[in-house]
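Trainee: One file: protein.cif (mmCIF, C-alpha atoms and all ligand atoms).
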data_model
loop_
_atom_site.label_atom_id
_atom_site.label_comp_id
_atom_site.auth_asym_id
_atom_site.auth_seq_id
_atom_site.Cartn_x
_atom_site.Cartn_y
_atom_site.Cartn_z
CA MET G 1 -78.10 56.24 103.95
CA LEU G 2 -74.84 55.55 102.09
CA LYS G 3 -73.26 58.08 99.75
CA ALA G 4 -70.37 57.46 97.39
CA ILE G 5 -68.61 60.70 96.50
CA THR G 6 -66.27 60.37 93.55
CA GLY G 7 -63.78 62.96 92.37
CA GLY G 8 -60.21 63.52 91.22
CA SER G 9 -57.49 63.32 93.82
CA ILE G 10 -58.08 63.26 97.57
CA ILE G 11 -55.97 65.41 99.90
CA ASN G 12 -56.48 63.97 103.38
CA GLY G 13 -55.52 67.11 105.37
CA LYS G 14 -52.59 65.47 107.15
CA GLY G 15 -50.00 65.86 104.43
CA ALA G 16 -50.15 62.35 102.93
CA ALA G 17 -49.55 61.92 99.21
CA PRO G 18 -52.82 62.62 97.35
CA ILE G 19 -54.91 59.59 96.40
CA PRO G 20 -55.79 59.61 92.68
CA ASP G 21 -59.29 58.76 91.37
CA GLY G 22 -60.74 59.39 94.79
CA LEU G 23 -63.78 57.79 96.35
CA ILE G 24 -65.24 58.66 99.75
CA LEU G 25 -67.95 56.47 101.22
CA VAL G 26 -70.20 58.31 103.65
CA ASP G 27 -72.57 56.58 106.05
CA GLY G 28 -75.00 59.09 107.55
CA ASN G 29 -72.87 61.93 108.91
CA ARG G 30 -69.60 59.96 109.09
CA ILE G 31 -66.89 58.95 106.66
CA GLN G 32 -66.86 55.18 106.26
CA ALA G 33 -63.97 54.71 103.84
CA VAL G 34 -61.51 56.77 101.79
CA GLY G 35 -59.49 55.43 98.87
CA SER G 36 -59.08 55.22 95.13
CA ARG G 37 -61.84 53.74 92.97
CA ASP G 38 -59.53 50.80 92.26
CA SER G 39 -59.21 49.95 95.91
CA LEU G 40 -62.82 50.44 97.06
CA SER G 41 -66.06 49.23 95.60
CA ILE G 42 -69.26 51.25 95.63
CA PRO G 43 -72.02 49.42 97.53
CA ARG G 44 -75.05 48.77 95.35
CA ASP G 45 -77.46 50.75 97.53
CA ALA G 46 -75.23 53.86 97.72
CA GLU G 47 -76.26 57.17 96.18
CA VAL G 48 -73.41 58.18 93.86
CA VAL G 49 -72.34 61.84 93.85
CA ASP G 50 -70.03 62.28 90.88
CA LEU G 51 -67.83 65.37 91.19
CA GLY G 52 -65.83 64.66 88.04
CA THR G 53 -62.18 65.56 88.45
CA ALA G 54 -62.68 67.90 91.42
CA THR G 55 -60.09 67.65 94.18
CA LEU G 56 -61.57 66.47 97.49
CA LEU G 57 -60.24 67.74 100.80
CA PRO G 58 -61.49 68.19 104.36
CA GLY G 59 -63.92 71.03 104.98
CA LEU G 60 -61.90 74.08 106.01
CA ILE G 61 -61.62 75.28 109.61
CA ASP G 62 -61.49 79.03 110.14
CA THR G 63 -60.24 79.53 113.68
CA HIS G 64 -60.92 83.26 113.92
CA VAL G 65 -64.17 84.86 112.75
CA HIS G 66 -66.68 87.39 114.09
CA LEU G 67 -70.10 86.21 112.97
CA VAL G 68 -71.87 89.30 114.33
CA MET G 69 -69.82 91.67 112.17
CA ASN G 70 -70.86 92.69 108.67
CA ALA G 71 -67.45 92.82 106.88
CA ARG G 72 -68.02 96.48 106.02
CA GLU G 73 -66.27 99.69 107.10
CA ASP G 74 -68.97 100.24 109.71
CA CYS G 75 -68.64 96.72 111.17
CA VAL G 76 -68.01 98.12 114.65
CA ALA G 77 -70.21 101.23 114.55
CA SER G 78 -73.18 99.22 113.29
CA LEU G 79 -73.02 96.88 116.29
CA ALA G 80 -74.11 99.68 118.58
CA HIS G 81 -77.40 100.05 116.69
CA LYS G 82 -78.32 96.38 116.69
CA SER G 83 -80.41 94.49 119.19
CA ALA G 84 -79.42 90.96 120.19
CA VAL G 85 -82.08 89.62 117.81
CA GLU G 86 -80.69 91.63 114.90
CA SER G 87 -77.21 90.37 115.74
CA VAL G 88 -78.40 86.75 115.69
CA VAL G 89 -79.88 87.35 112.24
CA GLU G 90 -76.62 88.91 111.01
CA ALA G 91 -74.62 86.02 112.47
CA ALA G 92 -76.94 83.42 110.95
CA GLY G 93 -76.47 84.93 107.49
CA ASN G 94 -72.71 84.99 107.94
CA ALA G 95 -72.64 81.40 109.16
CA ARG G 96 -74.41 80.32 105.97
CA ARG G 97 -71.96 82.36 103.87
CA ALA G 98 -68.98 80.72 105.58
CA LEU G 99 -70.39 77.25 104.95
CA ARG G 100 -70.94 78.05 101.28
CA GLY G 101 -67.31 79.17 101.21
CA GLY G 102 -66.16 75.70 102.22
CA VAL G 103 -65.78 76.40 105.94
CA THR G 104 -67.36 73.58 107.94
CA THR G 105 -66.01 74.56 111.38
CA VAL G 106 -65.38 78.02 112.85
CA ARG G 107 -64.20 79.37 116.13
CA ASP G 108 -65.97 82.67 116.74
CA CYS G 109 -63.56 84.98 118.53
CA ALA G 110 -65.93 87.56 120.06
CA ASP G 111 -69.59 88.38 119.74
CA VAL G 112 -72.18 90.59 121.42
CA PHE G 113 -74.79 89.39 123.93
CA GLY G 114 -73.40 85.84 123.56
CA VAL G 115 -75.49 85.43 120.41
CA THR G 116 -73.14 82.90 118.79
CA LEU G 117 -74.05 80.49 121.59
CA THR G 118 -77.69 80.74 120.51
CA LEU G 119 -76.71 80.37 116.86
CA LYS G 120 -74.57 77.33 117.64
CA ARG G 121 -77.52 75.60 119.28
CA ALA G 122 -79.77 76.47 116.32
CA ILE G 123 -77.26 75.02 113.83
CA ASP G 124 -76.58 71.92 115.93
CA GLY G 125 -80.34 71.44 116.25
CA GLY G 126 -80.74 71.51 112.47
CA HIS G 127 -82.80 74.72 112.44
CA LEU G 128 -80.25 76.78 110.49
CA ASP G 129 -77.44 76.00 108.04
CA GLY G 130 -73.91 76.85 109.10
CA PRO G 131 -70.56 75.48 110.14
CA ARG G 132 -69.88 73.80 113.47
CA ILE G 133 -69.25 76.66 115.89
CA LEU G 134 -66.91 76.94 118.82
CA ALA G 135 -67.84 80.19 120.54
CA CYS G 136 -65.77 82.53 122.67
CA GLY G 137 -68.83 84.68 123.38
CA LEU G 138 -68.00 87.97 125.07
CA PRO G 139 -64.34 89.02 124.88
CA ILE G 140 -62.52 90.00 128.07
CA THR G 141 -60.72 93.33 127.81
CA THR G 142 -59.70 96.37 129.82
CA THR G 143 -61.68 99.56 130.36
CA ALA G 144 -61.23 101.48 127.08
CA GLY G 145 -59.45 98.38 125.75
CA HIS G 146 -59.82 96.56 122.45
CA LEU G 147 -63.42 95.44 121.81
CA ASN G 148 -64.66 97.11 125.02
CA TYR G 149 -67.91 97.89 123.16
CA MET G 150 -68.55 94.15 122.78
CA GLY G 151 -67.33 92.41 125.87
CA ILE G 152 -66.58 92.54 129.57
CA SER G 153 -64.26 95.23 130.92
CA ALA G 154 -61.93 93.79 133.55
CA ASP G 155 -58.78 95.54 134.76
CA SER G 156 -57.42 93.92 137.91
CA THR G 157 -56.58 90.22 138.24
CA GLU G 158 -59.62 89.83 140.48
CA GLU G 159 -61.90 91.38 137.85
CA VAL G 160 -60.35 89.23 135.15
CA LEU G 161 -61.05 86.03 137.11
CA LYS G 162 -64.64 87.15 137.64
CA ALA G 163 -64.94 87.76 133.90
CA VAL G 164 -63.59 84.27 133.08
CA ARG G 165 -66.17 82.72 135.40
CA THR G 166 -68.91 84.88 133.88
CA VAL G 167 -68.25 83.77 130.30
CA VAL G 168 -67.86 80.14 131.39
CA SER G 169 -71.24 80.36 133.11
CA MET G 170 -72.68 81.60 129.80
CA GLY G 171 -71.43 78.38 128.21
CA VAL G 172 -68.54 79.52 126.02
CA ASP G 173 -66.25 76.93 124.43
CA TRP G 174 -63.12 79.10 124.59
CA VAL G 175 -62.19 82.20 126.59
CA LYS G 176 -61.12 85.20 124.50
CA VAL G 177 -58.92 87.86 126.04
CA CYS G 178 -57.51 90.97 124.37
CA ALA G 179 -53.85 91.02 125.41
CA THR G 180 -53.06 94.16 123.39
CA GLY G 181 -55.03 97.01 121.91
CA GLY G 182 -56.54 96.52 118.46
CA GLY G 183 -56.98 98.26 115.15
CA LEU G 184 -60.78 98.27 115.40
CA THR G 185 -60.63 100.18 118.71
CA SER G 186 -58.92 103.43 117.85
CA ASP G 187 -57.98 104.57 121.36
CA SER G 188 -56.71 101.21 122.57
CA ASN G 189 -53.04 101.31 121.39
CA VAL G 190 -52.57 98.25 119.23
CA ARG G 191 -48.82 98.11 119.99
CA ARG G 192 -48.98 97.89 123.77
CA ALA G 193 -49.98 95.19 126.25
CA GLN G 194 -53.29 95.54 128.07
CA TYR G 195 -52.48 93.02 130.79
CA SER G 196 -49.35 92.00 132.67
CA ALA G 197 -48.00 88.47 132.24
CA GLU G 198 -49.08 87.80 135.86
CA THR G 199 -52.71 88.71 135.21
CA LEU G 200 -52.78 86.69 131.98
CA THR G 201 -51.25 83.73 133.82
CA ALA G 202 -54.02 83.89 136.43
CA LEU G 203 -56.61 84.06 133.63
CA VAL G 204 -55.17 81.02 131.84
CA GLN G 205 -54.97 78.98 135.05
CA ASP G 206 -58.57 79.72 135.95
CA ALA G 207 -59.87 79.07 132.44
CA HIS G 208 -58.00 75.74 132.37
CA ARG G 209 -59.36 74.87 135.81
CA LEU G 210 -62.82 75.28 134.29
CA GLY G 211 -61.94 73.20 131.23
CA ARG G 212 -61.67 76.07 128.75
CA LYS G 213 -58.79 76.99 126.48
CA VAL G 214 -57.75 80.60 125.99
CA ALA G 215 -57.47 82.57 122.74
CA ALA G 216 -55.53 85.80 123.17
CA HIS G 217 -55.66 88.70 120.75
CA ALA G 218 -52.13 90.12 120.41
CA HIS G 219 -50.72 92.43 117.74
CA GLY G 220 -47.91 94.07 119.70
CA THR G 221 -44.77 92.17 120.66
CA GLU G 222 -45.06 93.27 124.29
CA GLY G 223 -48.42 91.51 124.57
CA ILE G 224 -47.33 88.52 122.47
CA ARG G 225 -44.53 87.94 124.96
CA ASN G 226 -46.97 88.12 127.89
CA CYS G 227 -49.16 85.53 126.15
CA ALA G 228 -46.18 83.23 125.65
CA ILE G 229 -45.24 83.54 129.34
CA ALA G 230 -48.84 82.93 130.44
CA GLY G 231 -49.30 80.06 127.98
CA THR G 232 -52.47 81.23 126.22
CA ASP G 233 -53.43 78.22 124.09
CA SER G 234 -53.65 80.30 120.93
CA ILE G 235 -52.12 83.65 120.12
CA GLU G 236 -54.31 85.48 117.60
CA HIS G 237 -52.80 87.68 114.86
CA CYS G 238 -49.23 87.67 116.29
CA SER G 239 -48.31 90.73 114.23
CA TRP G 240 -44.97 91.41 115.98
CA MET G 241 -45.60 95.17 116.20
CA GLY G 242 -42.96 97.16 118.09
CA GLU G 243 -43.92 99.26 121.12
CA GLU G 244 -43.35 102.59 119.35
CA GLU G 245 -43.14 101.85 115.63
CA GLY G 246 -42.34 99.20 113.07
CA HIS G 247 -41.98 95.54 113.95
CA ARG G 248 -40.01 93.62 116.55
CA TYR G 249 -39.51 89.85 116.60
CA ASP G 250 -38.95 88.29 120.02
CA GLU G 251 -36.92 85.07 119.99
CA ALA G 252 -37.48 84.40 123.68
CA ALA G 253 -41.24 84.52 123.12
CA VAL G 254 -40.93 82.13 120.18
CA ASP G 255 -38.88 79.74 122.32
CA LEU G 256 -41.66 79.75 124.91
CA MET G 257 -44.30 79.11 122.22
CA LEU G 258 -42.28 76.11 121.03
CA LYS G 259 -41.63 74.78 124.50
CA LYS G 260 -45.28 75.07 125.55
CA GLY G 261 -46.75 73.94 122.22
CA LEU G 262 -48.78 77.14 121.80
CA TYR G 263 -50.55 77.86 118.55
CA VAL G 264 -50.42 81.04 116.51
CA SER G 265 -53.66 81.75 114.66
CA HIS G 266 -52.56 84.17 112.01
CA THR G 267 -55.45 86.19 110.59
CA ILE G 268 -55.24 87.07 106.90
CA THR G 269 -57.82 89.73 106.12
CA GLY G 270 -58.81 91.83 103.13
CA PRO G 271 -60.08 91.09 99.61
CA ARG G 272 -57.57 88.19 99.21
CA THR G 273 -57.88 87.67 95.47
CA GLY G 274 -54.23 86.65 95.21
CA SER G 275 -53.73 88.71 92.03
CA SER G 276 -50.12 89.66 91.38
CA GLU G 277 -51.04 93.34 91.81
CA GLU G 278 -52.58 92.65 95.19
CA VAL G 279 -49.59 90.58 96.32
CA ASP G 280 -47.16 93.33 95.19
CA ASP G 281 -49.19 95.97 97.02
CA LEU G 282 -49.24 93.88 100.19
CA MET G 283 -45.53 93.12 100.14
CA ASN G 284 -44.73 96.81 99.58
CA SER G 285 -46.98 97.91 102.44
CA GLU G 286 -46.33 97.51 106.17
CA TYR G 287 -47.63 93.95 105.73
CA GLY G 288 -44.43 93.05 103.88
CA GLU G 289 -42.40 93.26 107.08
CA ARG G 290 -45.09 91.55 109.15
CA TYR G 291 -45.35 88.66 106.69
CA ALA G 292 -41.56 88.24 106.68
CA LEU G 293 -41.65 87.83 110.47
CA LEU G 294 -44.55 85.38 110.26
CA ARG G 295 -42.56 83.37 107.76
CA ARG G 296 -39.72 83.32 110.28
CA THR G 297 -42.11 82.22 113.04
CA LEU G 298 -43.36 79.41 110.80
CA GLU G 299 -39.82 78.35 109.89
CA GLU G 300 -38.92 78.18 113.59
CA GLY G 301 -41.53 75.44 113.87
CA VAL G 302 -44.28 77.26 115.78
CA ARG G 303 -47.65 75.57 115.24
CA MET G 304 -49.38 78.05 112.95
CA VAL G 305 -52.95 77.93 111.74
CA ILE G 306 -54.48 80.23 109.15
CA SER G 307 -57.61 82.22 109.89
CA SER G 308 -59.48 85.14 108.38
CA ASP G 309 -60.93 87.48 111.03
CA ALA G 310 -64.00 87.41 108.74
CA GLY G 311 -66.46 90.14 109.61
CA VAL G 312 -63.85 92.90 109.83
CA PRO G 313 -63.77 95.38 106.91
CA ASP G 314 -63.37 93.83 103.43
CA THR G 315 -63.13 90.32 104.86
CA ARG G 316 -66.10 88.33 103.65
CA PHE G 317 -67.11 85.03 105.18
CA GLU G 318 -67.37 83.21 101.85
CA ASP G 319 -63.75 83.94 100.90
CA PHE G 320 -61.70 82.03 103.48
CA GLY G 321 -59.89 80.25 100.64
CA GLY G 322 -58.36 83.64 99.83
CA SER G 323 -56.58 83.62 103.20
CA LEU G 324 -54.85 80.37 102.16
CA VAL G 325 -53.89 81.94 98.84
CA ILE G 326 -52.22 84.90 100.59
CA ALA G 327 -50.60 82.55 103.14
CA VAL G 328 -48.89 80.77 100.24
CA LYS G 329 -48.07 83.83 98.17
CA CYS G 330 -46.90 86.09 101.01
CA CYS G 331 -46.29 84.22 104.28
CA GLY G 332 -44.08 81.26 103.39
CA PHE G 333 -46.62 78.43 103.50
CA SER G 334 -46.42 75.68 100.90
CA PRO G 335 -49.81 74.81 99.37
CA MET G 336 -49.86 71.56 101.37
CA GLY G 337 -48.76 73.47 104.47
CA ALA G 338 -51.62 75.95 104.07
CA ILE G 339 -54.14 73.12 103.69
CA ILE G 340 -52.81 71.31 106.77
CA ALA G 341 -52.84 74.60 108.74
CA SER G 342 -56.52 75.15 107.97
CA THR G 343 -57.67 71.54 108.41
CA SER G 344 -55.88 68.99 110.60
CA ARG G 345 -53.71 71.41 112.58
CA ALA G 346 -56.64 73.72 113.21
CA ALA G 347 -58.67 70.73 114.42
CA GLU G 348 -55.82 69.77 116.73
CA MET G 349 -55.68 73.30 118.14
CA LEU G 350 -59.42 73.22 118.76
CA GLY G 351 -59.22 69.78 120.38
CA MET G 352 -61.50 68.36 117.67
CA ASP G 353 -59.00 66.26 115.73
CA ASP G 354 -60.85 63.06 116.60
CA ARG G 355 -63.90 64.42 114.71
CA VAL G 356 -62.93 66.91 111.98
CA GLY G 357 -59.98 68.20 109.96
CA THR G 358 -59.06 65.04 108.04
CA LEU G 359 -60.64 62.70 105.53
CA GLU G 360 -60.44 59.44 107.46
CA PRO G 361 -62.92 56.74 108.44
CA GLY G 362 -64.92 57.73 111.51
CA ARG G 363 -64.57 61.49 111.06
CA PHE G 364 -67.59 63.69 110.35
CA ALA G 365 -68.22 63.82 106.61
CA ASP G 366 -67.15 67.46 106.20
CA ILE G 367 -65.79 67.64 102.67
CA LEU G 368 -64.75 70.40 100.29
CA ALA G 369 -64.52 69.85 96.53
CA VAL G 370 -62.66 72.33 94.35
CA ASP G 371 -62.05 72.65 90.63
CA GLY G 372 -58.35 72.07 89.91
CA ASP G 373 -55.37 71.04 92.00
CA PRO G 374 -54.64 73.40 94.92
CA LEU G 375 -51.22 71.76 95.36
CA GLN G 376 -50.23 73.00 91.89
CA ASP G 377 -52.05 76.33 92.14
CA ILE G 378 -53.42 77.28 95.55
CA SER G 379 -55.98 79.60 93.87
CA ALA G 380 -57.96 76.45 93.03
CA ILE G 381 -59.05 76.40 96.68
CA ARG G 382 -61.37 79.33 95.83
CA ARG G 383 -63.10 77.48 92.97
CA ILE G 384 -65.60 75.61 95.09
CA VAL G 385 -67.80 73.01 93.41
CA GLY G 386 -69.01 71.07 96.44
CA VAL G 387 -69.38 71.50 100.19
CA PHE G 388 -70.61 68.73 102.49
CA LYS G 389 -71.11 68.97 106.22
CA ASP G 390 -72.23 65.93 108.20
CA GLY G 391 -72.57 64.18 104.83
CA ARG G 392 -75.19 66.65 103.63
CA ARG G 393 -74.45 68.68 100.51
CA PHE G 394 -74.74 72.48 100.72
CA VAL G 395 -72.99 73.52 97.48
ZN ZN N 401 -60.71 89.23 115.57
#
Using C-alpha cells, write down the structure that the file contains.

Mentor:
Amino acid sequence: MLKAITGGSIINGKGAAPIPDGLILVDGNRIQAVGSRDSLSIPRDAEVVDLGTATLLPGLIDTHVHLVMNAREDCVASLAHKSAVESVVEAAGNARRALRGGVTTVRDCADVFGVTLTLKRAIDGGHLDGPRILACGLPITTTAGHLNYMGISADSTEEVLKAVRTVVSMGVDWVKVCATGGGLTSDSNVRRAQYSAETLTALVQDAHRLGRKVAAHAHGTEGIRNCAIAGTDSIEHCSWMGEEEGHRYDEAAVDLMLKKGLYVSHTITGPRTGSSEEVDDLMNSEYGERYALLRRTLEEGVRMVISSDAGVPDTRFEDFGGSLVIAVKCCGFSPMGAIIASTSRAAEMLGMDDRVGTLEPGRFADILAVDGDPLQDISAIRRIVGVFKDGRRFV
C-alpha cells in the first residue's frame, strides 16, 4: 500500500537544508522517496495524506525514559505497591502517550521485573500501540545504591559481572548501570561514585563481549570520570555535580569522551513549557550552572543527545518536544542541533541509524508533522499534527 504524505518543508534529521513543498512516499512500513512536489510525482494508486503546510521531520527518539513510572511525585513509592502485571499496564499506557507525543523510538533506562521486554514484544507483535523500544530492563546498582528498589544490587566486580550476565540472559538490549547515586534514591549520594573505574571497566568489557552497549547513570563528576575511563557507551544526565557541593567540570573526562566517541544523553525533565518565566526560573536555579557546563560540553564537540527521563516527577511522556525547547533555550543547542540530537544522532548512538532517525529512502516510515517551523521557533515541535510509525498514522 503506497502513501503520499504532503506537507510544508521537510527536515531530514541530518542537518541538510530543508526541502520546501515536501512529499514523502511511503511503501508499507518504509520510506520510498523524499523530495519536493516538483521533483517527485505521486503514483496514481497512492493514498494521499495532505498535511497542509506542516513541517515534516523524523519521528523523535527519546533515549532515556522509564515506562514503568507514573510521572508523579510518588513515581518511586508507587512502584513498591504494583505487581508486574500492573507495571506492564502502566508502561503500556506510557508507551502510547510517548507515541502520541511524536516519539517513535525510546530506550527505556530501567524497569521493574523486566516488564519493558514484555511490552516491547507486544508492540512489535502489533498487539499494543507504542514506540520501538530498546530496553535496559533491570538496572545494576550497589546495595543501598540508586534505583536499588528496582534492579539488581551488585557491589564487587564479581557480583557486577554476574549481574551483567543475568540481565543479558533476560534479553535486554542495553545494560544500565548506576555509576553515581541519584536524586530519586535519597540515601544514595547523588554526588559520589558508586563504582570504581576498574569495576566499571570490567562491566563494560563483559557487556561488550555479550554484544550489549552500556548506559551509565552519572550525575556527579567523580562518577562521570569513571564512566569516561571505563568507556560506557552513553553517559546519562552528566550533571557535573561536585563531590561536596556545586558543580565541577572535568576536562580530562571530556577529552576521554571525545577520544572514545562516547555519547552524553542529557535528560531534560520537568514541565518544559519553554515560557520565558520558566526559562528565567531555571537559569536562576542550580540548573543555570549545570546548563552552562552542558553548553561547554556540547561546544567541546562531545556527541550529545537529548532525552527526557520521562516517568520521573512532572515529566510526562507526551511532552518530549519540551525537552528540545529547553535544550535550545537553556543549553546552547541550535534548533537544528536539537532536532539532530533527538533524531539521527540518537539513532547512531542506539546503533539504529540504518533504520530510523532520518527521512531517507529505505528507513522505517517514522514521521512527525508539526504546525509551524521549528527552525524559526523551536516551540513548534510541541504543536503535533501528525505522527506516523511504520507508515501507520497514530495522530
Ligand atoms: Zn533515569

Trainee: Nearest to ligand ZN 401 (chain N) among G:Arg272, G:Arg121, G:Arg72, G:His217, with distances taken over all atoms listed in the file: which residue is it?

Mentor: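 Using all atoms listed in the file, the shortest distance to ligand ZN 401 (chain N) belongs to G:His217.
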
Trainee: Would you compute the distance between atom CA of G:Arg212 and atom CA of G:Met170? Give it in Å to one decimal.

Mentor: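 Between atom CA of G:Arg212 and atom CA of G:Met170 the gap is 12.4 Å.
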
Trainee: Enumerate residues in contact with ligand ZN 401 (chain N): an atom-to-atom distance of at most 7 Å, counting all atoms listed in the file. Format the result as a list in words.

Mentor: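 Every residue with an atom at most 7 Å from ligand ZN 401 (chain N) is listed here: His64, Val65, His66, Cys109 and Asp309 of chain G.
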
Trainee: Find the residues near G:Thr55: any atom within 9 Å, counting all atoms listed in the file, skip ones fewer than 5 places away on the same chain, and give them as JSON, numbers by chain.

Mentor: {"G": [7, 8, 9, 10, 11, 22, 368, 369, 370, 371, 372, 373, 374]}

Trainee: For the atom pair atom CA of G:Leu258 and atom CA of G:Glu360, what is the interatomic distance in Å to one decimal place?

Mentor: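 Computing it gives 28.1 Å between the two atoms.
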
Trainee: What does the structure give for the distance between atom CA of G:Met283 and atom CA of G:Leu67, in Å to one decimal?

Mentor: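 Interatomic distance here is 28.6 Å.
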
Trainee: Dump as an MDAnalysis selection string all residues having an atom at most 9 Å from (-67.5, 62.3, 95.6), computed in the file's coordinates with all atoms listed in the file.

Mentor: chainID G and resid 3:8 22:25 48:52 54 56 369 386

Trainee: Rank G:Ala215, G:Val385, G:Val279, G:Leu210 by their smallest atom-to-atom distance to G:Tyr263, using only C-alpha atoms, and report the top residue only.

Mentor: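 That would be G:Ala215, the residue with the smallest distance to G:Tyr263.
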
Trainee: Between stretch 253-273 of chain G and stretch 237-249 of chain G, at 9 Å or less, what are the per-residue closest atom pairs and their distances in Å? Count only C-alpha atoms, order by chain and rising residue number, and return it as JSON lines.

Mentor:
{"residue": "G:Ala253", "atom": "CA", "partner": "G:Tyr249", "partner_atom": "CA", "distance": 8.6}
{"residue": "G:Val254", "atom": "CA", "partner": "G:Tyr249", "partner_atom": "CA", "distance": 8.6}
{"residue": "G:Val264", "atom": "CA", "partner": "G:Cys238", "partner_atom": "CA", "distance": 6.7}
{"residue": "G:Ser265", "atom": "CA", "partner": "G:His237", "partner_atom": "CA", "distance": 6.0}
{"residue": "G:His266", "atom": "CA", "partner": "G:His237", "partner_atom": "CA", "distance": 4.5}
{"residue": "G:Thr267", "atom": "CA", "partner": "G:His237", "partner_atom": "CA", "distance": 5.2}
{"residue": "G:Ile268", "atom": "CA", "partner": "G:His237", "partner_atom": "CA", "distance": 8.3}

Trainee: For G:Thr358, please output as a PyMOL selection string all residues within 12 Å (counting all atoms listed in the file; exclusion window: fewer than 3 positions along the same chain).

Mentor: chain G and resi 10-16+30-31+34+56-61+104+339-348+352-355+361-368

Trainee: Nearest to G:Phe394 among G:Val85, G:Leu79, G:Leu324, G:Leu99, with distances taken over only C-alpha atoms: which residue is it?

Mentor: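 For G:Phe394, the nearest of the candidates is G:Leu99.
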
Trainee: Considering all atoms listed in the file, can you say which of G:Ala252, G:Leu375, G:Gly182, G:Arg191 comes closest to G:Met336?

Mentor: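 Ranked by minimum distance to G:Met336, first place goes to G:Leu375.
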
Trainee: Neighbouring residues of G:Ser275 were defined as those with any atom within 12 Å, considering all atoms listed in the file; residues of the same chain fewer than 3 positions away were excluded. Please report them as a count of residues only.

Mentor: 14

Trainee: Counting all atoms listed in the file, what is within 9 Å of G:Leu147, bar same-chain residues fewer than 5 positions away, as an mmCIF file with C-alpha atoms, in the coordinates of the input?

Mentor:
data_model
loop_
_atom_site.group_PDB
_atom_site.id
_atom_site.type_symbol
_atom_site.label_atom_id
_atom_site.label_comp_id
_atom_site.auth_asym_id
_atom_site.auth_seq_id
_atom_site.Cartn_x
_atom_site.Cartn_y
_atom_site.Cartn_z
ATOM 1 C CA VAL G 76 -68.010 98.120 114.650
ATOM 2 C CA ALA G 110 -65.930 87.560 120.060
ATOM 3 C CA PRO G 139 -64.340 89.020 124.880
ATOM 4 C CA ILE G 140 -62.520 90.000 128.070
ATOM 5 C CA THR G 141 -60.720 93.330 127.810
ATOM 6 C CA THR G 142 -59.700 96.370 129.820
ATOM 7 C CA ILE G 152 -66.580 92.540 129.570
ATOM 8 C CA CYS G 178 -57.510 90.970 124.370
ATOM 9 C CA GLY G 181 -55.030 97.010 121.910
ATOM 10 C CA GLY G 182 -56.540 96.520 118.460
ATOM 11 C CA LEU G 184 -60.780 98.270 115.400
ATOM 12 C CA THR G 185 -60.630 100.180 118.710
ATOM 13 C CA SER G 188 -56.710 101.210 122.570
#

Trainee: Would you pick out the contacts of G:Ala197 at 7 Å or less, using only C-alpha atoms, so that residues sharing its chain but fewer than 4 positions from it are not included, and give the list as an NGL selection string?

Mentor: :G and (201 or 226-227 or 229-230)
